[in-house]
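Student: Pasting in a structure now, in structure tokens, and then I'll have a few things to ask.
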Amino acid sequence: MELSKIKNIIIIILLIVNIFFLVLFIIGRIETGKLEKKAKEDVIRILSSYGISLDMSVIPVYSDLGSYDVQRDTESERSVAEAVLGKCQVYEPGGNIYQYSSPLGEAVFRGNGEFSITIAAGIAMPDSSLKALGSYLDQLDITADLKSAEIKYDDGGSLSSVQFTPLFEDVGIFNCRITMSFNGESLMSIHGRRLTSLPSPSPSEPMIGVNTALISFLNAVRESDLICNEIITITPGYSFSASVSGSGRLAPYWCITTDVGKYYVNGLTGDMVSFPD
């Protein structure tokens, strides 16, 4: 048999094998999709039996956010302070608190991520659009979720403050907030809670699925006698916890927004908590 014919036969065989595996893959995806739909329908039916409505379109696709360790980085704190206030002197009043001061103002950073930067005469911010404010925070190594912005105005209609939820890898940190306060067109202060350093991956169990989180939520609602009629959104994200020493952890959570408020299900344990807005 000619060599060219042998090559053609091998190519045809490989093509048939690839088509076979492609068909198996497609069948597997179809079956997985059916199982996922059935699981969603079961959860919706269970919630409905307790008077809680949920549209299937609200249930997100599977997310598996990891856990992270966070150790305090005082050098990054100083960089943030000096990006706003210029060259600063540093003081340590105790309690693992670092205070930075310059003629332009003062900044205070705590081990648990809380911080405040006060600008004595303010910084002119003629462009106070969300995009411009987000870009300013980017310079301070804070990535803000612009869609989360809560804007407040004073009695005269001038901008008073804008509050953002910070992001890590494009996912919200539910229990952290960054507030920028204004006087006219001047930025007067930035305060809130931020990650104390760039997180590093930490070994952990896989994040529980959204269906499991919903059942955990239902159990907690029943045990606490909470009144809830509708689940509006379900969002994966993080919670940041840190001690005074600066040692912290970023853990995955599910945020379940209902007609009566937001509730958060721990993505590792299934426990439900509430974070202050």
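Every chain in the structure tokens has a letter given in the order shown (A, B, ...), and although residue numbers restart at 1 in each chain, ligands are simply numbered from 1 in the order shown.
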Hey, which bits of segment 149-211 of chain A sit within 9 Å of segment 125-132 of chain A, and for each residue what's the closest pair of atoms and how far apart in Å (one decimal), counting only C-alpha atoms, rows by chain and increasing number, as a Markdown table?

Tutor:
```
| residue | atom | partner | partner_atom | distance |
| --- | --- | --- | --- | --- |
| A:Ala149 | CA | A:Leu130 | CA | 7.8 |
| A:Leu159 | CA | A:Ser128 | CA | 8.5 |
| A:Val162 | CA | A:Leu130 | CA | 8.6 |
| A:Phe182 | CA | A:Met125 | CA | 8.9 |
| A:Gly184 | CA | A:Met125 | CA | 8.9 |
| A:Glu185 | CA | A:Met125 | CA | 5.3 |
| A:Ser186 | CA | A:Met125 | CA | 5.4 |
| A:Leu187 | CA | A:Met125 | CA | 6.3 |
```

Student: Tell me, as a list in words, which residues lie within 10 Å of Val84 of chain A, counting only C-alpha atoms; anything in the same chain fewer than 2 positions away does not count.

Tutor: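 Final neighbour list, sorted by chain and number: Ser79, Val80, Ala81, Glu82, Gly86, Lys87, Cys88, Leu104, Gly105, Glu106, Ala107, Ile117, Thr118, Ile119, Ile123, Tyr136, Gln139, Leu140, Ser189 and Ile190 of chain A.
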
Student: Write a file of the selected residues as a CSV table (one decimal), in the first residue's frame, keeping C-alpha atoms.

Tutor:
```
chain,number,residue,atom,x,y,z
A,79,SER,CA,2.5,54.9,49.8
A,80,VAL,CA,-1.3,55.4,49.9
A,81,ALA,CA,-1.0,58.2,52.5
A,82,GLU,CA,1.8,60.0,50.6
A,86,GLY,CA,2.8,64.1,49.9
A,87,LYS,CA,5.9,63.4,52.0
A,88,CYS,CA,4.7,62.4,55.5
A,104,LEU,CA,-1.6,68.8,53.6
A,105,GLY,CA,-3.3,66.7,56.3
A,106,GLU,CA,-3.3,63.4,58.2
A,107,ALA,CA,-3.8,59.7,57.6
A,117,ILE,CA,-7.2,60.3,55.2
A,118,THR,CA,-8.2,63.9,56.0
A,119,ILE,CA,-7.1,66.7,53.7
A,123,ILE,CA,-8.0,68.6,46.8
A,136,TYR,CA,-8.3,58.4,41.6
A,139,GLN,CA,-3.9,55.4,42.1
A,140,LEU,CA,-4.3,54.4,45.8
A,189,SER,CA,-11.4,63.0,53.1
A,190,ILE,CA,-11.3,59.3,52.2
```

Student: Write out as a ChimeraX atom specification all residues of segment 63-201 of chain A that backbone DSSP assigns to strand (DSSP E or B).

Tutor: /A:67-71,89-94,97-102,105-109,114-124,144-153,159-168,171-173,178-183,186-193,200-201

Student: Write a file of the selected residues as a JSON list (two decimals), in the first residue's frame, keeping C-alpha atoms.

Tutor:
```json
[["chain", "number", "residue", "atom", "x", "y", "z"],
["A", 67, "SER", "CA", -9.69, 31.71, 50.16],
["A", 68, "TYR", "CA", -6.76, 34.05, 50.74],
["A", 69, "ASP", "CA", -4.42, 35.08, 53.52],
["A", 70, "VAL", "CA", -3.75, 38.78, 54.02],
["A", 71, "GLN", "CA", -0.79, 40.14, 55.97],
["A", 89, "GLN", "CA", 6.10, 61.86, 58.95],
["A", 90, "VAL", "CA", 4.98, 58.67, 60.66],
["A", 91, "TYR", "CA", 3.91, 58.19, 64.27],
["A", 92, "GLU", "CA", 2.92, 55.09, 66.23],
["A", 93, "PRO", "CA", 0.46, 56.05, 68.98],
["A", 94, "GLY", "CA", 0.03, 52.37, 69.97],
["A", 97, "ILE", "CA", -2.00, 52.16, 64.62],
["A", 98, "TYR", "CA", 0.14, 54.13, 62.19],
["A", 99, "GLN", "CA", -0.44, 57.85, 61.79],
["A", 100, "TYR", "CA", 0.98, 59.80, 58.84],
["A", 101, "SER", "CA", 1.01, 63.60, 58.75],
["A", 102, "SER", "CA", 2.13, 66.37, 56.43],
["A", 105, "GLY", "CA", -3.34, 66.67, 56.26],
["A", 106, "GLU", "CA", -3.32, 63.44, 58.24],
["A", 107, "ALA", "CA", -3.85, 59.72, 57.59],
["A", 108, "VAL", "CA", -4.51, 56.93, 60.11],
["A", 109, "PHE", "CA", -4.25, 53.19, 59.32],
["A", 114, "GLU", "CA", -9.78, 50.60, 58.71],
["A", 115, "PHE", "CA", -8.24, 53.88, 57.57],
["A", 116, "SER", "CA", -8.97, 57.57, 57.20],
["A", 117, "ILE", "CA", -7.23, 60.28, 55.21],
["A", 118, "THR", "CA", -8.17, 63.88, 56.02],
["A", 119, "ILE", "CA", -7.07, 66.66, 53.68],
["A", 120, "ALA", "CA", -6.78, 70.02, 55.48],
["A", 121, "ALA", "CA", -7.60, 72.34, 52.57],
["A", 122, "GLY", "CA", -9.08, 69.71, 50.29],
["A", 123, "ILE", "CA", -8.02, 68.58, 46.81],
["A", 124, "ALA", "CA", -9.73, 70.18, 43.82],
["A", 144, "ALA", "CA", -13.80, 50.25, 43.30],
["A", 145, "ASP", "CA", -17.01, 48.77, 41.97],
["A", 146, "LEU", "CA", -18.48, 51.79, 40.20],
["A", 147, "LYS", "CA", -21.90, 50.12, 39.95],
["A", 148, "SER", "CA", -22.04, 49.92, 43.76],
["A", 149, "ALA", "CA", -21.67, 53.70, 44.18],
["A", 150, "GLU", "CA", -23.99, 55.35, 46.70],
["A", 151, "ILE", "CA", -24.07, 59.12, 46.10],
["A", 152, "LYS", "CA", -25.26, 61.69, 48.64],
["A", 153, "TYR", "CA", -25.88, 65.40, 48.17],
["A", 159, "LEU", "CA", -22.03, 66.50, 46.10],
["A", 160, "SER", "CA", -21.53, 65.45, 49.72],
["A", 161, "SER", "CA", -20.08, 61.93, 49.52],
["A", 162, "VAL", "CA", -19.70, 58.85, 47.34],
["A", 163, "GLN", "CA", -19.37, 55.38, 48.82],
["A", 164, "PHE", "CA", -17.94, 52.42, 46.91],
["A", 165, "THR", "CA", -17.53, 48.69, 47.51],
["A", 166, "PRO", "CA", -13.91, 47.67, 46.81],
["A", 167, "LEU", "CA", -13.15, 44.76, 44.50],
["A", 168, "PHE", "CA", -10.66, 41.91, 44.51],
["A", 171, "VAL", "CA", -15.46, 40.49, 42.76],
["A", 172, "GLY", "CA", -16.92, 42.61, 45.56],
["A", 173, "ILE", "CA", -15.70, 42.54, 49.17],
["A", 178, "ILE", "CA", -14.65, 53.27, 50.78],
["A", 179, "THR", "CA", -16.20, 56.73, 51.25],
["A", 180, "MET", "CA", -14.99, 59.92, 49.57],
["A", 181, "SER", "CA", -16.33, 63.10, 51.19],
["A", 182, "PHE", "CA", -16.55, 66.48, 49.45],
["A", 183, "ASN", "CA", -17.03, 70.17, 50.12],
["A", 186, "SER", "CA", -12.93, 69.70, 46.86],
["A", 187, "LEU", "CA", -12.18, 66.20, 48.11],
["A", 188, "MET", "CA", -11.90, 66.55, 51.89],
["A", 189, "SER", "CA", -11.42, 62.97, 53.11],
["A", 190, "ILE", "CA", -11.26, 59.29, 52.18],
["A", 191, "HIS", "CA", -12.11, 56.70, 54.79],
["A", 192, "GLY", "CA", -13.38, 53.18, 55.20],
["A", 193, "ARG", "CA", -11.92, 49.68, 55.15],
["A", 200, "SER", "CA", -2.04, 35.28, 48.74],
["A", 201, "PRO", "CA", -3.92, 32.01, 48.03]]
```

Student: Using only C-alpha atoms, determine which residues lie at most 12 Å from Phe275 of chain A, disregarding the query and same-chain residues fewer than 3 positions distant; provide the list as a count of residues only.

Tutor: 19

Student: Check segment 121-249 of chain A with DSSP on the backbone and list each residue it calls alpha helix (DSSP H), as a PDB file with N, CA and C atoms, in the first residue's frame.

Tutor:
```
ATOM      1  N   LEU A 130     -18.159  59.245  38.381  1.00  0.00           N
ATOM      2  CA  LEU A 130     -17.767  57.970  38.994  1.00  0.00           C
ATOM      3  C   LEU A 130     -16.501  57.417  38.349  1.00  0.00           C
ATOM      4  N   LYS A 131     -16.377  57.601  37.041  1.00  0.00           N
ATOM      5  CA  LYS A 131     -15.178  57.113  36.353  1.00  0.00           C
ATOM      6  C   LYS A 131     -13.938  57.824  36.859  1.00  0.00           C
ATOM      7  N   ALA A 132     -14.036  59.153  37.044  1.00  0.00           N
ATOM      8  CA  ALA A 132     -12.884  59.932  37.527  1.00  0.00           C
ATOM      9  C   ALA A 132     -12.542  59.557  38.961  1.00  0.00           C
ATOM     10  N   LEU A 133     -13.545  59.374  39.806  1.00  0.00           N
ATOM     11  CA  LEU A 133     -13.292  58.997  41.194  1.00  0.00           C
ATOM     12  C   LEU A 133     -12.694  57.594  41.271  1.00  0.00           C
ATOM     13  N   GLY A 134     -13.185  56.690  40.413  1.00  0.00           N
ATOM     14  CA  GLY A 134     -12.624  55.341  40.377  1.00  0.00           C
ATOM     15  C   GLY A 134     -11.164  55.355  39.962  1.00  0.00           C
ATOM     16  N   SER A 135     -10.827  56.217  38.993  1.00  0.00           N
ATOM     17  CA  SER A 135      -9.433  56.334  38.544  1.00  0.00           C
ATOM     18  C   SER A 135      -8.546  56.874  39.662  1.00  0.00           C
ATOM     19  N   TYR A 136      -9.087  57.818  40.449  1.00  0.00           N
ATOM     20  CA  TYR A 136      -8.316  58.369  41.568  1.00  0.00           C
ATOM     21  C   TYR A 136      -8.030  57.278  42.596  1.00  0.00           C
ATOM     22  N   LEU A 137      -9.044  56.457  42.900  1.00  0.00           N
ATOM     23  CA  LEU A 137      -8.844  55.374  43.866  1.00  0.00           C
ATOM     24  C   LEU A 137      -7.870  54.325  43.328  1.00  0.00           C
ATOM     25  N   ASP A 138      -7.878  54.111  42.011  1.00  0.00           N
ATOM     26  CA  ASP A 138      -6.921  53.176  41.405  1.00  0.00           C
ATOM     27  C   ASP A 138      -5.489  53.576  41.730  1.00  0.00           C
ATOM     28  N   VAL A 210     -24.304  27.380  44.704  1.00  0.00           N
ATOM     29  CA  VAL A 210     -25.381  28.323  44.979  1.00  0.00           C
ATOM     30  C   VAL A 210     -26.625  27.625  45.508  1.00  0.00           C
ATOM     31  N   ASN A 211     -26.909  26.413  45.038  1.00  0.00           N
ATOM     32  CA  ASN A 211     -28.089  25.693  45.525  1.00  0.00           C
ATOM     33  C   ASN A 211     -27.944  25.335  47.003  1.00  0.00           C
ATOM     34  N   THR A 212     -26.750  24.898  47.383  1.00  0.00           N
ATOM     35  CA  THR A 212     -26.482  24.596  48.793  1.00  0.00           C
ATOM     36  C   THR A 212     -26.595  25.858  49.637  1.00  0.00           C
ATOM     37  N   ALA A 213     -26.091  26.994  49.101  1.00  0.00           N
ATOM     38  CA  ALA A 213     -26.179  28.271  49.824  1.00  0.00           C
ATOM     39  C   ALA A 213     -27.631  28.675  50.039  1.00  0.00           C
ATOM     40  N   LEU A 214     -28.473  28.431  49.046  1.00  0.00           N
ATOM     41  CA  LEU A 214     -29.887  28.785  49.160  1.00  0.00           C
ATOM     42  C   LEU A 214     -30.592  27.944  50.225  1.00  0.00           C
ATOM     43  N   ILE A 215     -30.253  26.673  50.303  1.00  0.00           N
ATOM     44  CA  ILE A 215     -30.844  25.809  51.341  1.00  0.00           C
ATOM     45  C   ILE A 215     -30.359  26.241  52.721  1.00  0.00           C
ATOM     46  N   SER A 216     -29.080  26.602  52.827  1.00  0.00           N
ATOM     47  CA  SER A 216     -28.552  27.101  54.107  1.00  0.00           C
ATOM     48  C   SER A 216     -29.273  28.385  54.501  1.00  0.00           C
ATOM     49  N   PHE A 217     -29.498  29.258  53.518  1.00  0.00           N
ATOM     50  CA  PHE A 217     -30.241  30.499  53.756  1.00  0.00           C
ATOM     51  C   PHE A 217     -31.650  30.195  54.255  1.00  0.00           C
ATOM     52  N   LEU A 218     -32.330  29.257  53.618  1.00  0.00           N
ATOM     53  CA  LEU A 218     -33.692  28.901  54.021  1.00  0.00           C
ATOM     54  C   LEU A 218     -33.717  28.373  55.454  1.00  0.00           C
ATOM     55  N   ASN A 219     -32.762  27.504  55.785  1.00  0.00           N
ATOM     56  CA  ASN A 219     -32.706  26.970  57.156  1.00  0.00           C
ATOM     57  C   ASN A 219     -32.507  28.082  58.174  1.00  0.00           C
ATOM     58  N   ALA A 220     -31.619  29.034  57.852  1.00  0.00           N
ATOM     59  CA  ALA A 220     -31.366  30.143  58.769  1.00  0.00           C
ATOM     60  C   ALA A 220     -32.599  31.036  58.901  1.00  0.00           C
ATOM     61  N   VAL A 221     -33.307  31.246  57.808  1.00  0.00           N
ATOM     62  CA  VAL A 221     -34.534  32.051  57.838  1.00  0.00           C
ATOM     63  C   VAL A 221     -35.578  31.405  58.740  1.00  0.00           C
ATOM     64  N   ARG A 222     -35.711  30.098  58.609  1.00  0.00           N
ATOM     65  CA  ARG A 222     -36.705  29.377  59.421  1.00  0.00           C
ATOM     66  C   ARG A 222     -36.333  29.395  60.898  1.00  0.00           C
ATOM     67  N   GLU A 223     -35.048  29.166  61.197  1.00  0.00           N
ATOM     68  CA  GLU A 223     -34.611  29.137  62.591  1.00  0.00           C
ATOM     69  C   GLU A 223     -34.720  30.503  63.255  1.00  0.00           C
ATOM     70  N   SER A 224     -34.533  31.575  62.460  1.00  0.00           N
ATOM     71  CA  SER A 224     -34.550  32.924  63.022  1.00  0.00           C
ATOM     72  C   SER A 224     -35.919  33.596  62.909  1.00  0.00           C
TER      73      SER A 224
END
```

Student: Give me, please, the distance in Å between atom CA of Ser76 of chain A and atom CA of Arg249 of chain A, quoted to one decimal.

Tutor: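 So the answer is 17.7 Å.
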
Student: Between A:Leu85, A:Thr196, A:Gly267, A:Cys228, which residue has the minimum interatomic distance to Val244 of chain A, considering only C-alpha atoms?

Tutor: A:Thr196

Student: What is the atom CA of Leu268 of chain A-atom CA of Asp64 of chain A distance in Å, reported with one decimal?

Tutor: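 Going from atom CA of Leu268 of chain A over to atom CA of Asp64 of chain A covers 10.4 Å.
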
Student: Would you mind reading off the distance between atom CA of Ser247 of chain A and atom CA of Gly209 of chain A, one decimal, in Å?

Tutor: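 Value for the atom CA of Ser247 of chain A-atom CA of Gly209 of chain A distance: 27.8 Å.
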